[in-house]
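input_1.txt (compact mmCIF, C-alpha atoms) appears below.
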# COMPACT_ATOMS: atom_id res chain seq x y z
CA MET U 1 -11.88 145.52 -155.26
CA VAL U 2 -14.06 147.52 -157.62
CA VAL U 3 -14.67 144.39 -159.68
CA LEU U 4 -15.74 142.47 -156.57
CA ALA U 5 -18.06 145.27 -155.49
CA ALA U 6 -19.56 145.45 -158.98
CA ALA U 7 -20.06 141.67 -159.02
CA ALA U 8 -21.74 141.76 -155.59
CA LEU U 9 -23.99 144.60 -156.72
CA ALA U 10 -24.90 142.74 -159.90
CA ALA U 11 -25.70 139.59 -157.88
CA ALA U 12 -27.81 141.60 -155.46
CA ALA U 13 -29.61 143.32 -158.35
CA TRP U 14 -30.32 139.95 -159.96
CA ALA U 15 -31.57 138.53 -156.64
CA ALA U 16 -33.78 141.54 -156.11
CA PHE U 17 -35.26 141.98 -159.56
CA THR U 18 -35.51 138.44 -160.94
CA PRO U 19 -38.92 137.00 -160.05
CA VAL U 20 -38.93 133.93 -157.82
CA THR U 21 -40.48 131.04 -159.72
CA PHE U 22 -40.82 127.29 -159.37
CA ALA U 23 -42.10 124.83 -161.93
CA SER U 24 -44.75 123.75 -159.43
CA ARG U 25 -46.31 125.14 -156.27
CA GLU U 26 -45.97 121.71 -154.71
CA GLU U 27 -43.09 120.65 -152.49
CA ALA U 28 -43.33 116.90 -152.86
CA PHE U 29 -41.99 114.12 -150.66
CA GLU U 30 -42.43 110.40 -151.29
CA ILE U 31 -42.18 107.29 -149.17
CA PRO U 32 -40.53 104.89 -151.63
CA LYS U 33 -41.67 101.33 -152.02
CA GLY U 34 -39.89 99.05 -149.55
CA THR U 35 -39.38 101.73 -146.87
CA TRP U 36 -41.26 99.79 -144.22
CA ALA U 37 -39.28 96.63 -144.98
CA ARG U 38 -36.02 98.55 -144.72
CA ARG U 39 -37.07 100.04 -141.40
CA MET U 40 -38.04 96.60 -140.11
CA ALA U 41 -34.58 95.37 -141.14
CA GLY U 42 -33.11 97.99 -138.83
CA ASN U 43 -32.12 100.59 -141.40
CA LYS U 44 -32.70 104.19 -140.46
CA VAL U 45 -34.70 105.76 -143.26
CA GLU U 46 -35.34 109.51 -143.17
CA ILE U 47 -37.60 110.73 -145.94
CA LEU U 48 -39.23 113.86 -144.67
CA PRO U 49 -37.03 116.59 -143.19
CA SER U 50 -38.03 117.72 -139.72
CA ARG U 51 -38.31 121.26 -141.07
CA VAL U 52 -39.89 122.09 -144.44
CA TYR U 53 -39.79 125.60 -145.91
CA LEU U 54 -42.56 126.89 -148.17
CA THR U 55 -43.33 130.29 -149.66
CA LEU U 56 -46.78 131.73 -150.19
CA GLY U 57 -47.91 132.13 -153.77
CA ILE U 58 -44.85 130.37 -155.17
CA ARG U 59 -44.36 127.07 -153.44
CA ASP U 60 -47.07 126.82 -150.82
CA VAL U 61 -48.40 123.28 -151.12
CA LEU U 62 -47.02 120.29 -149.25
CA LEU U 63 -47.53 117.08 -151.23
CA LEU U 64 -46.89 113.76 -149.51
CA LYS U 65 -47.09 110.43 -151.35
CA ASN U 66 -47.01 106.96 -149.88
CA LEU U 67 -45.64 104.63 -152.56
CA ASP U 68 -44.97 101.86 -150.03
CA ASP U 69 -47.11 98.74 -149.60
CA VAL U 70 -48.25 99.51 -146.05
CA PRO U 71 -50.05 102.43 -144.36
CA GLN U 72 -47.65 105.04 -143.04
CA ILE U 73 -47.84 107.97 -140.72
CA PHE U 74 -46.30 110.58 -142.96
CA GLY U 75 -46.18 114.21 -141.90
CA PRO U 76 -49.43 115.04 -140.19
CA THR U 77 -51.53 112.10 -141.25
CA LEU U 78 -52.03 108.39 -141.78
CA MET U 79 -51.76 107.53 -145.45
CA MET U 80 -52.78 104.35 -147.17
CA PRO U 81 -50.55 102.65 -149.77
CA GLY U 82 -50.71 104.57 -153.04
CA GLN U 83 -52.41 107.53 -151.42
CA SER U 84 -51.24 111.13 -151.57
CA PHE U 85 -52.01 114.06 -149.32
CA ARG U 86 -51.97 117.62 -150.63
CA LEU U 87 -51.94 120.37 -148.03
CA PRO U 88 -52.08 124.00 -149.20
CA PHE U 89 -51.06 126.91 -146.96
CA GLU U 90 -52.51 130.41 -147.15
CA MET U 91 -50.90 132.14 -144.21
CA ALA U 92 -47.26 132.81 -143.47
CA SER U 93 -46.46 131.16 -140.17
CA SER U 94 -44.67 128.26 -138.55
CA TYR U 95 -46.84 125.14 -138.33
CA GLN U 96 -46.09 122.30 -135.94
CA PHE U 97 -47.32 118.81 -136.76
CA ALA U 98 -47.00 115.68 -134.70
CA CYS U 99 -45.17 113.18 -136.89
CA THR U 100 -44.20 109.74 -135.70
CA ALA U 101 -41.89 109.36 -138.69
CA HIS U 102 -39.44 111.67 -136.93
CA ALA U 103 -37.34 110.86 -133.91
CA SER U 104 -38.43 114.16 -132.34
CA GLY U 105 -42.08 113.25 -132.96
CA GLN U 106 -42.58 116.63 -134.54
CA MET U 107 -42.40 118.22 -137.94
CA THR U 108 -42.34 121.94 -138.63
CA VAL U 109 -43.54 123.61 -141.80
CA VAL U 110 -42.28 127.18 -142.07
CA VAL U 111 -44.33 129.21 -144.54
CA ASP U 112 -42.68 132.45 -145.61
CA ALA U 113 -44.54 135.46 -146.94
CA ARG U 114 -44.56 135.93 -150.69
CA PRO U 115 -41.45 137.86 -151.80
CA ASP U 116 -43.42 140.41 -153.78
CA THR U 117 -41.00 143.33 -153.80
CA PRO U 118 -37.40 143.36 -154.97
CA TRP U 119 -36.23 143.93 -151.40
CA ARG U 120 -38.22 140.93 -150.12
CA ARG U 121 -36.89 138.82 -152.99
CA LEU U 122 -33.35 139.74 -151.99
CA VAL U 123 -34.06 138.84 -148.35
CA TRP U 124 -35.85 135.63 -149.40
CA ARG U 125 -32.95 134.46 -151.58
CA THR U 126 -30.37 135.33 -148.95
CA ARG U 127 -32.31 133.44 -146.30
CA ARG U 128 -32.64 130.46 -148.62
CA ILE U 129 -28.87 130.32 -149.09
CA PHE U 130 -28.35 130.31 -145.33
CA ARG U 131 -30.96 127.56 -144.88
CA VAL U 132 -29.24 125.38 -147.45
CA ILE U 133 -25.90 125.93 -145.75
CA ALA U 134 -27.26 125.31 -142.22
CA MET C 135 -26.06 164.01 -156.85
CA ARG C 136 -27.01 161.90 -159.85
CA TYR C 137 -25.68 158.76 -158.11
CA ALA C 138 -27.68 159.56 -154.97
CA ALA C 139 -30.83 160.01 -157.04
CA GLY C 140 -30.12 156.72 -158.77
CA ILE C 141 -29.73 154.88 -155.45
CA VAL C 142 -32.96 156.41 -154.10
CA LEU C 143 -34.78 155.32 -157.29
CA LEU C 144 -33.33 151.81 -156.98
CA LEU C 145 -34.44 151.51 -153.35
CA ALA C 146 -37.90 152.79 -154.24
CA CYS C 147 -38.16 150.17 -156.99
CA MET C 148 -37.14 147.46 -154.52
CA LEU C 149 -40.15 148.21 -152.35
CA LEU C 150 -42.68 148.08 -155.18
CA PRO C 151 -44.92 145.02 -155.17
CA VAL C 152 -45.31 142.82 -158.24
CA ALA C 153 -48.55 141.31 -159.46
CA ALA C 154 -49.70 138.32 -157.42
CA GLN C 155 -50.56 134.98 -158.95
CA PRO C 156 -54.25 134.18 -158.89
CA ALA C 157 -55.35 132.00 -155.98
CA GLU C 158 -56.76 128.53 -156.60
CA ALA C 159 -60.38 129.37 -155.81
CA ASP C 160 -61.72 125.98 -156.81
CA ALA C 161 -59.44 124.01 -154.47
CA LEU C 162 -60.23 122.93 -150.94
CA LYS C 163 -58.59 124.93 -148.19
CA ALA C 164 -57.99 121.70 -146.26
CA GLY C 165 -55.41 119.06 -147.02
CA VAL C 166 -56.82 116.60 -149.54
CA PHE C 167 -56.37 112.83 -149.76
CA ASN C 168 -56.10 111.33 -153.19
CA PRO C 169 -57.64 108.92 -153.73
CA ALA C 170 -60.09 109.41 -150.89
CA ARG C 171 -60.36 106.21 -148.87
CA GLU C 172 -63.31 104.83 -146.95
CA ALA C 173 -63.48 106.67 -143.64
CA PRO C 174 -62.93 104.10 -140.86
CA ASP C 175 -66.25 103.38 -139.19
CA PHE C 176 -66.64 103.23 -135.43
CA SER C 177 -69.29 102.35 -132.93
CA VAL C 178 -69.11 104.22 -129.65
CA ASP C 179 -71.47 105.76 -127.09
CA GLY C 180 -73.03 108.94 -128.37
CA SER C 181 -73.45 111.98 -126.16
CA ASP C 182 -77.16 111.88 -127.02
CA GLY C 183 -77.48 108.50 -125.30
CA ALA C 184 -77.69 106.49 -128.52
CA ALA C 185 -75.01 104.40 -130.21
CA LEU C 186 -72.86 106.55 -132.44
CA SER C 187 -71.39 105.27 -135.67
CA LEU C 188 -70.25 106.97 -138.80
CA ARG C 189 -72.47 104.99 -141.15
CA HIS C 190 -75.58 106.52 -139.56
CA PHE C 191 -74.66 109.79 -141.21
CA ARG C 192 -74.34 108.62 -144.82
CA GLY C 193 -75.82 111.33 -146.99
CA LYS C 194 -74.39 114.09 -144.81
CA VAL C 195 -70.97 115.66 -144.79
CA VAL C 196 -69.37 114.66 -141.49
CA VAL C 197 -66.93 116.97 -139.74
CA LEU C 198 -64.98 114.75 -137.37
CA GLY C 199 -62.77 116.07 -134.60
CA PHE C 200 -60.91 114.54 -131.67
CA GLY C 201 -60.46 116.22 -128.31
CA TYR C 202 -61.59 116.31 -124.70
CA THR C 203 -63.73 118.46 -122.47
CA SER C 204 -60.88 119.48 -120.13
CA CYS C 205 -58.77 120.72 -123.04
CA PRO C 206 -57.61 124.23 -122.16
CA ASN C 207 -57.12 125.74 -125.60
CA VAL C 208 -57.19 123.72 -128.84
CA CYS C 209 -60.60 122.09 -128.39
CA PRO C 210 -62.52 125.20 -127.31
CA ALA C 211 -60.97 127.13 -130.20
CA THR C 212 -61.74 124.39 -132.73
CA LEU C 213 -65.31 123.91 -131.52
CA ALA C 214 -65.97 127.65 -131.52
CA VAL C 215 -64.81 127.81 -135.15
CA LEU C 216 -66.94 124.80 -136.08
CA ALA C 217 -69.97 126.32 -134.36
CA MET C 218 -69.50 129.55 -136.28
CA ALA C 219 -69.09 127.67 -139.54
CA HIS C 220 -72.23 125.66 -138.81
CA ARG C 221 -74.19 128.86 -138.24
CA LYS C 222 -72.77 130.45 -141.38
CA LEU C 223 -73.84 127.47 -143.46
CA GLY C 224 -77.46 128.40 -142.69
CA THR C 225 -79.93 125.90 -144.11
CA LEU C 226 -77.08 123.80 -145.51
CA GLY C 227 -76.09 123.12 -141.91
CA SER C 228 -78.79 120.46 -141.67
CA GLN C 229 -76.79 118.42 -144.22
CA VAL C 230 -73.70 118.48 -142.04
CA LYS C 231 -72.94 116.54 -138.86
CA VAL C 232 -70.21 117.56 -136.47
CA ILE C 233 -68.88 114.64 -134.42
CA TYR C 234 -66.36 115.12 -131.63
CA LEU C 235 -64.73 111.98 -130.25
CA THR C 236 -63.03 112.13 -126.90
CA VAL C 237 -59.37 111.30 -126.42
CA ASP C 238 -60.03 111.20 -122.66
CA PRO C 239 -62.70 108.54 -122.12
CA GLU C 240 -61.71 108.23 -118.48
CA ARG C 241 -63.21 111.62 -117.65
CA ASP C 242 -65.49 112.28 -120.60
CA SER C 243 -68.78 110.50 -120.01
CA ALA C 244 -71.56 110.82 -122.57
CA GLY C 245 -73.35 113.27 -120.28
CA ARG C 246 -70.31 115.44 -119.80
CA LEU C 247 -69.68 115.53 -123.55
CA LYS C 248 -73.28 116.48 -124.21
CA GLN C 249 -73.16 119.38 -121.78
CA TYR C 250 -69.80 120.56 -123.12
CA LEU C 251 -70.71 120.38 -126.81
CA ALA C 252 -74.09 122.03 -126.23
CA SER C 253 -72.28 125.15 -125.07
CA PHE C 254 -70.93 125.45 -128.62
CA ASP C 255 -73.78 124.05 -130.69
CA PRO C 256 -76.56 121.72 -129.52
CA ALA C 257 -76.46 119.91 -132.87
CA PHE C 258 -72.92 118.65 -132.27
CA VAL C 259 -72.66 115.07 -131.10
CA GLY C 260 -69.86 113.60 -129.01
CA GLY C 261 -68.58 110.06 -128.74
CA THR C 262 -66.97 108.13 -125.92
CA GLY C 263 -66.32 104.53 -124.96
CA THR C 264 -63.77 102.34 -123.30
CA ALA C 265 -60.11 103.32 -123.50
CA ALA C 266 -59.48 100.42 -125.88
CA GLN C 267 -62.41 101.41 -128.12
CA MET C 268 -61.30 105.00 -128.40
CA GLU C 269 -57.69 104.03 -128.98
CA ALA C 270 -58.74 101.79 -131.86
CA VAL C 271 -60.67 104.65 -133.45
CA ARG C 272 -57.72 107.01 -133.04
CA LYS C 273 -55.38 104.47 -134.58
CA SER C 274 -57.60 104.03 -137.61
CA TYR C 275 -57.44 107.78 -138.28
CA GLY C 276 -53.78 108.27 -137.35
CA VAL C 277 -54.68 110.48 -134.41
CA THR C 278 -52.23 110.66 -131.53
CA ALA C 279 -53.12 111.28 -127.87
CA GLU C 280 -50.64 111.28 -125.03
CA ARG C 281 -51.42 111.77 -121.37
CA HIS C 282 -49.30 114.34 -119.54
CA GLY C 283 -49.23 114.78 -115.79
CA THR C 284 -50.60 112.78 -112.93
CA GLY C 285 -53.61 113.05 -110.67
CA LYS C 286 -57.03 114.16 -111.77
CA ASP C 287 -55.81 117.32 -113.49
CA TYR C 288 -53.77 115.61 -116.19
CA ALA C 289 -53.74 116.93 -119.74
CA VAL C 290 -53.87 115.05 -123.03
CA ALA C 291 -51.69 116.21 -125.92
CA HIS C 292 -53.56 115.23 -129.05
CA SER C 293 -53.75 115.75 -132.80
CA SER C 294 -55.72 118.86 -133.57
CA PHE C 295 -56.86 118.10 -137.12
CA VAL C 296 -60.46 117.98 -138.20
CA TYR C 297 -61.48 115.41 -140.81
CA LEU C 298 -63.96 116.12 -143.57
CA ILE C 299 -65.93 113.08 -144.70
CA THR C 300 -68.07 113.11 -147.82
CA ARG C 301 -71.72 112.13 -148.08
CA ASP C 302 -70.69 108.67 -149.32
CA GLY C 303 -68.39 108.05 -146.37
CA LYS C 304 -65.05 108.88 -147.95
CA LEU C 305 -62.28 110.49 -145.90
CA ARG C 306 -61.63 113.35 -148.28
CA ALA C 307 -59.78 116.05 -146.40
CA LEU C 308 -58.05 117.08 -143.22
CA MET C 309 -58.20 120.63 -141.90
CA PRO C 310 -55.22 121.60 -139.75
CA PHE C 311 -55.79 123.61 -136.59
CA GLY C 312 -55.96 127.36 -137.04
CA HIS C 313 -58.25 127.67 -140.04
CA LYS C 314 -61.09 130.17 -139.93
CA ALA C 315 -64.79 129.41 -140.00
CA ASP C 316 -64.98 130.73 -143.56
CA ASP C 317 -62.50 128.08 -144.68
CA TYR C 318 -64.75 125.38 -143.25
CA VAL C 319 -67.78 126.97 -144.90
CA HIS C 320 -65.90 127.03 -148.21
CA ASP C 321 -64.83 123.39 -148.04
CA ILE C 322 -68.06 121.98 -146.62
CA SER C 323 -70.03 123.82 -149.30
CA MET C 324 -67.78 122.29 -151.95
CA LEU C 325 -68.21 118.81 -150.50
CA LEU C 326 -71.99 119.26 -150.29
CA ASN C 327 -72.09 120.17 -153.96
So that I can check it, write out the structure of this file as structure tokens.
Amino acid sequence: MVVLAAAALAAAAWAAFTPVTFASREEAFEIPKGTWARRMAGNKVEILPSRVYLTLGIRDVLLLKNLDDVPQIFGPTLMMPGQSFRLPFEMASSYQFACTAHASGQMTVVVDARPDTPWRRLVWRTRRIFRVIA
Amino acid sequence: MRYAAGIVLLLACMLLPVAAQPAEADALKAGVFNPAREAPDFSVDGSDGAALSLRHFRGKVVVLGFGYTSCPNVCPATLAVLAMAHRKLGTLGSQVKVIYLTVDPERDSAGRLKQYLASFDPAFVGGTGTAAQMEAVRKSYGVTAERHGTGKDYAVAHSSFVYLITRDGKLRALMPFGHKADDYVHDISMLLN
């Protein structure tokens, strides 16, 4: 019991005091080549999740790339073949975008505040675990 | 007692902020297309009574929005922000053209657009045309517009982005709804330079 409690405390201390870092501030999604052809053949192809989570100051840029041979509505915008769209966020909020690539016709980008204190880092990491599980 | 002091110290440490990463001051606030493509041209009826097409404004930065005069919230908010940004640009404002194309050509005549836009900024120009014309323009920009309701008081749910087009006619950036006038001033100034 004591060992478990100590392990939990150590995990919480790590989650609280280890800085949150990513190699890049960009959360990137790509439409692979051939996506349009696969859709036309009747295959359901989901590339972009209906809900994307970002965090200010750490991973706060949505990067969309169209690697297919045809224009695509991807996220909030029409993108030409080979084009990318880089959208930075500066305010924590929930952003709704119309997106015809989704069955719901909508895409949500949730931008969390920067976890700049140990307590917020702990909350941020805990929330992230629950989002992965959900 | 020592343990209690230790816990209090730990909790205090957990509330301390850490140094923030520097912001990317040289980047546009808007979403950026790479590479920038040629902005789709259009030819519609201008609210000033003349034909309105994008190519007429080569040499200026064009701020292009889509909306309608009966819009209850998004359009008035967007146009108010654009008007403020235009004022804040001062003399640079003469190198910028704000174009607002209707997504409701059935109700938005050129005269109605002119009167509506003038209440925000007389320099703004609106565009309207046949339903087919306006739909083609929307399609070329990836703008959606969907009619809701029946009768004369219907609403139109539409994309709320504003496009930023460079002096040489390239569709460079897309500003999502909700940005402040200062963000527009920042980005337009960068595009002008």
Please return, as a PyMOL selection string, all residues of chain U lying within 9 Å of chain C when only C-alpha atoms are considered.
chain U and resi 16-17+19+57-58+62+72-73+76-80+82-90+97-98+114-122
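Considering the residues C:Asp316, C:Asp242, C:Asp321, C:Glu280 and counting only C-alpha atoms, C:Ala217 has its shortest atom-to-atom contact with C:Asp316.
Considering only C-alpha atoms, the residue among U:Ala15, U:Ala113, U:Ile129, U:Met1 positioned nearest to U:Leu54 is U:Ala113.
Shortest atom-to-atom contact with U:Arg131 among U:Val52, U:Leu63, U:Val109, U:Ala11: U:Val52, counting all atoms listed in the file.
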Polymer residues at most 9 Å from U:Ser94, all atoms listed in the file, same-chain spacing of 3 or more positions, as an NGL selection string
:U and (108-112)
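Here atom CA of U:Val70 and atom CA of U:Tyr95 stand 26.8 Å from one another.
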So that I can see what lies close to C:Val237, please list as a PyMOL selection string the residues with an atom at most 8 Å from it, counting only C-alpha atoms and leaving out residues fewer than 2 positions away in the same chain.
chain C and resi 200-202+235+239+268-269+279+290+292
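The coordinates place atom CA of C:Asp302 at 21.1 Å from atom CA of C:Gly180.
When only C-alpha atoms are used to compute distances to C:Tyr234, the closest of the residues C:Gly193, C:Tyr288, C:Asp175, C:Tyr297 turns out to be C:Tyr297.
For the pair atom CA of C:Val197 and atom CA of C:Leu226, the separation is 13.5 Å.
Using all atoms listed in the file for every distance, the candidate list C:Ser177, C:Thr212, C:Ser187, C:Thr203 yields C:Thr212 as the residue closest to C:Lys314.
The residue that comes closest to C:Phe176, out of C:Ser253, C:Thr284, C:Thr262, C:Ser323 and on the basis of all atoms listed in the file, is C:Thr262.
Within 9 Å of the point (-44.1, 121.4, -155.8) in file coordinates, and counting all atoms listed in the file, lie the residues Phe22, Ala23, Ser24, Arg25, Glu26, Glu27, Ala28, Arg59, Asp60, Val61, Leu62 and Leu63 of chain U.
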Reconstructed N, CA and C atoms for stretch 17-32 of chain U, given as a PDB file, in the coordinates of the input:
ATOM      1  N   PHE U  17     -34.344 141.667-158.456  1.00  0.00           N
ATOM      2  CA  PHE U  17     -35.260 141.980-159.560  1.00  0.00           C
ATOM      3  C   PHE U  17     -35.729 140.765-160.368  1.00  0.00           C
ATOM      4  N   THR U  18     -35.058 139.636-160.215  1.00  0.00           N
ATOM      5  CA  THR U  18     -35.510 138.440-160.940  1.00  0.00           C
ATOM      6  C   THR U  18     -36.650 137.790-160.154  1.00  0.00           C
ATOM      7  N   PRO U  19     -37.791 137.614-160.781  1.00  0.00           N
ATOM      8  CA  PRO U  19     -38.920 137.000-160.050  1.00  0.00           C
ATOM      9  C   PRO U  19     -38.585 135.605-159.556  1.00  0.00           C
ATOM     10  N   VAL U  20     -39.120 135.267-158.382  1.00  0.00           N
ATOM     11  CA  VAL U  20     -38.930 133.930-157.820  1.00  0.00           C
ATOM     12  C   VAL U  20     -39.972 133.006-158.436  1.00  0.00           C
ATOM     13  N   THR U  21     -39.517 131.974-159.095  1.00  0.00           N
ATOM     14  CA  THR U  21     -40.480 131.040-159.720  1.00  0.00           C
ATOM     15  C   THR U  21     -40.063 129.597-159.467  1.00  0.00           C
ATOM     16  N   PHE U  22     -41.051 128.735-159.424  1.00  0.00           N
ATOM     17  CA  PHE U  22     -40.820 127.290-159.370  1.00  0.00           C
ATOM     18  C   PHE U  22     -41.697 126.659-160.434  1.00  0.00           C
ATOM     19  N   ALA U  23     -41.296 125.517-160.913  1.00  0.00           N
ATOM     20  CA  ALA U  23     -42.100 124.830-161.930  1.00  0.00           C
ATOM     21  C   ALA U  23     -43.470 124.445-161.354  1.00  0.00           C
ATOM     22  N   SER U  24     -43.504 124.165-160.057  1.00  0.00           N
ATOM     23  CA  SER U  24     -44.750 123.750-159.430  1.00  0.00           C
ATOM     24  C   SER U  24     -44.877 124.411-158.057  1.00  0.00           C
ATOM     25  N   ARG U  25     -46.117 124.587-157.606  1.00  0.00           N
ATOM     26  CA  ARG U  25     -46.310 125.140-156.270  1.00  0.00           C
ATOM     27  C   ARG U  25     -46.192 124.056-155.203  1.00  0.00           C
ATOM     28  N   GLU U  26     -45.996 122.827-155.649  1.00  0.00           N
ATOM     29  CA  GLU U  26     -45.970 121.710-154.710  1.00  0.00           C
ATOM     30  C   GLU U  26     -44.546 121.336-154.303  1.00  0.00           C
ATOM     31  N   GLU U  27     -44.338 121.222-153.024  1.00  0.00           N
ATOM     32  CA  GLU U  27     -43.090 120.650-152.490  1.00  0.00           C
ATOM     33  C   GLU U  27     -43.418 119.213-152.169  1.00  0.00           C
ATOM     34  N   ALA U  28     -42.898 118.290-152.970  1.00  0.00           N
ATOM     35  CA  ALA U  28     -43.330 116.900-152.860  1.00  0.00           C
ATOM     36  C   ALA U  28     -42.302 116.020-152.149  1.00  0.00           C
ATOM     37  N   PHE U  29     -42.819 115.124-151.329  1.00  0.00           N
ATOM     38  CA  PHE U  29     -41.990 114.120-150.660  1.00  0.00           C
ATOM     39  C   PHE U  29     -42.671 112.768-150.837  1.00  0.00           C
ATOM     40  N   GLU U  30     -41.860 111.740-151.051  1.00  0.00           N
ATOM     41  CA  GLU U  30     -42.430 110.400-151.290  1.00  0.00           C
ATOM     42  C   GLU U  30     -41.831 109.382-150.326  1.00  0.00           C
ATOM     43  N   ILE U  31     -42.674 108.464-149.880  1.00  0.00           N
ATOM     44  CA  ILE U  31     -42.180 107.290-149.170  1.00  0.00           C
ATOM     45  C   ILE U  31     -41.974 106.226-150.242  1.00  0.00           C
ATOM     46  N   PRO U  32     -40.739 105.873-150.556  1.00  0.00           N
ATOM     47  CA  PRO U  32     -40.530 104.890-151.630  1.00  0.00           C
ATOM     48  C   PRO U  32     -41.008 103.501-151.230  1.00  0.00           C
TER      49      PRO U  32
END
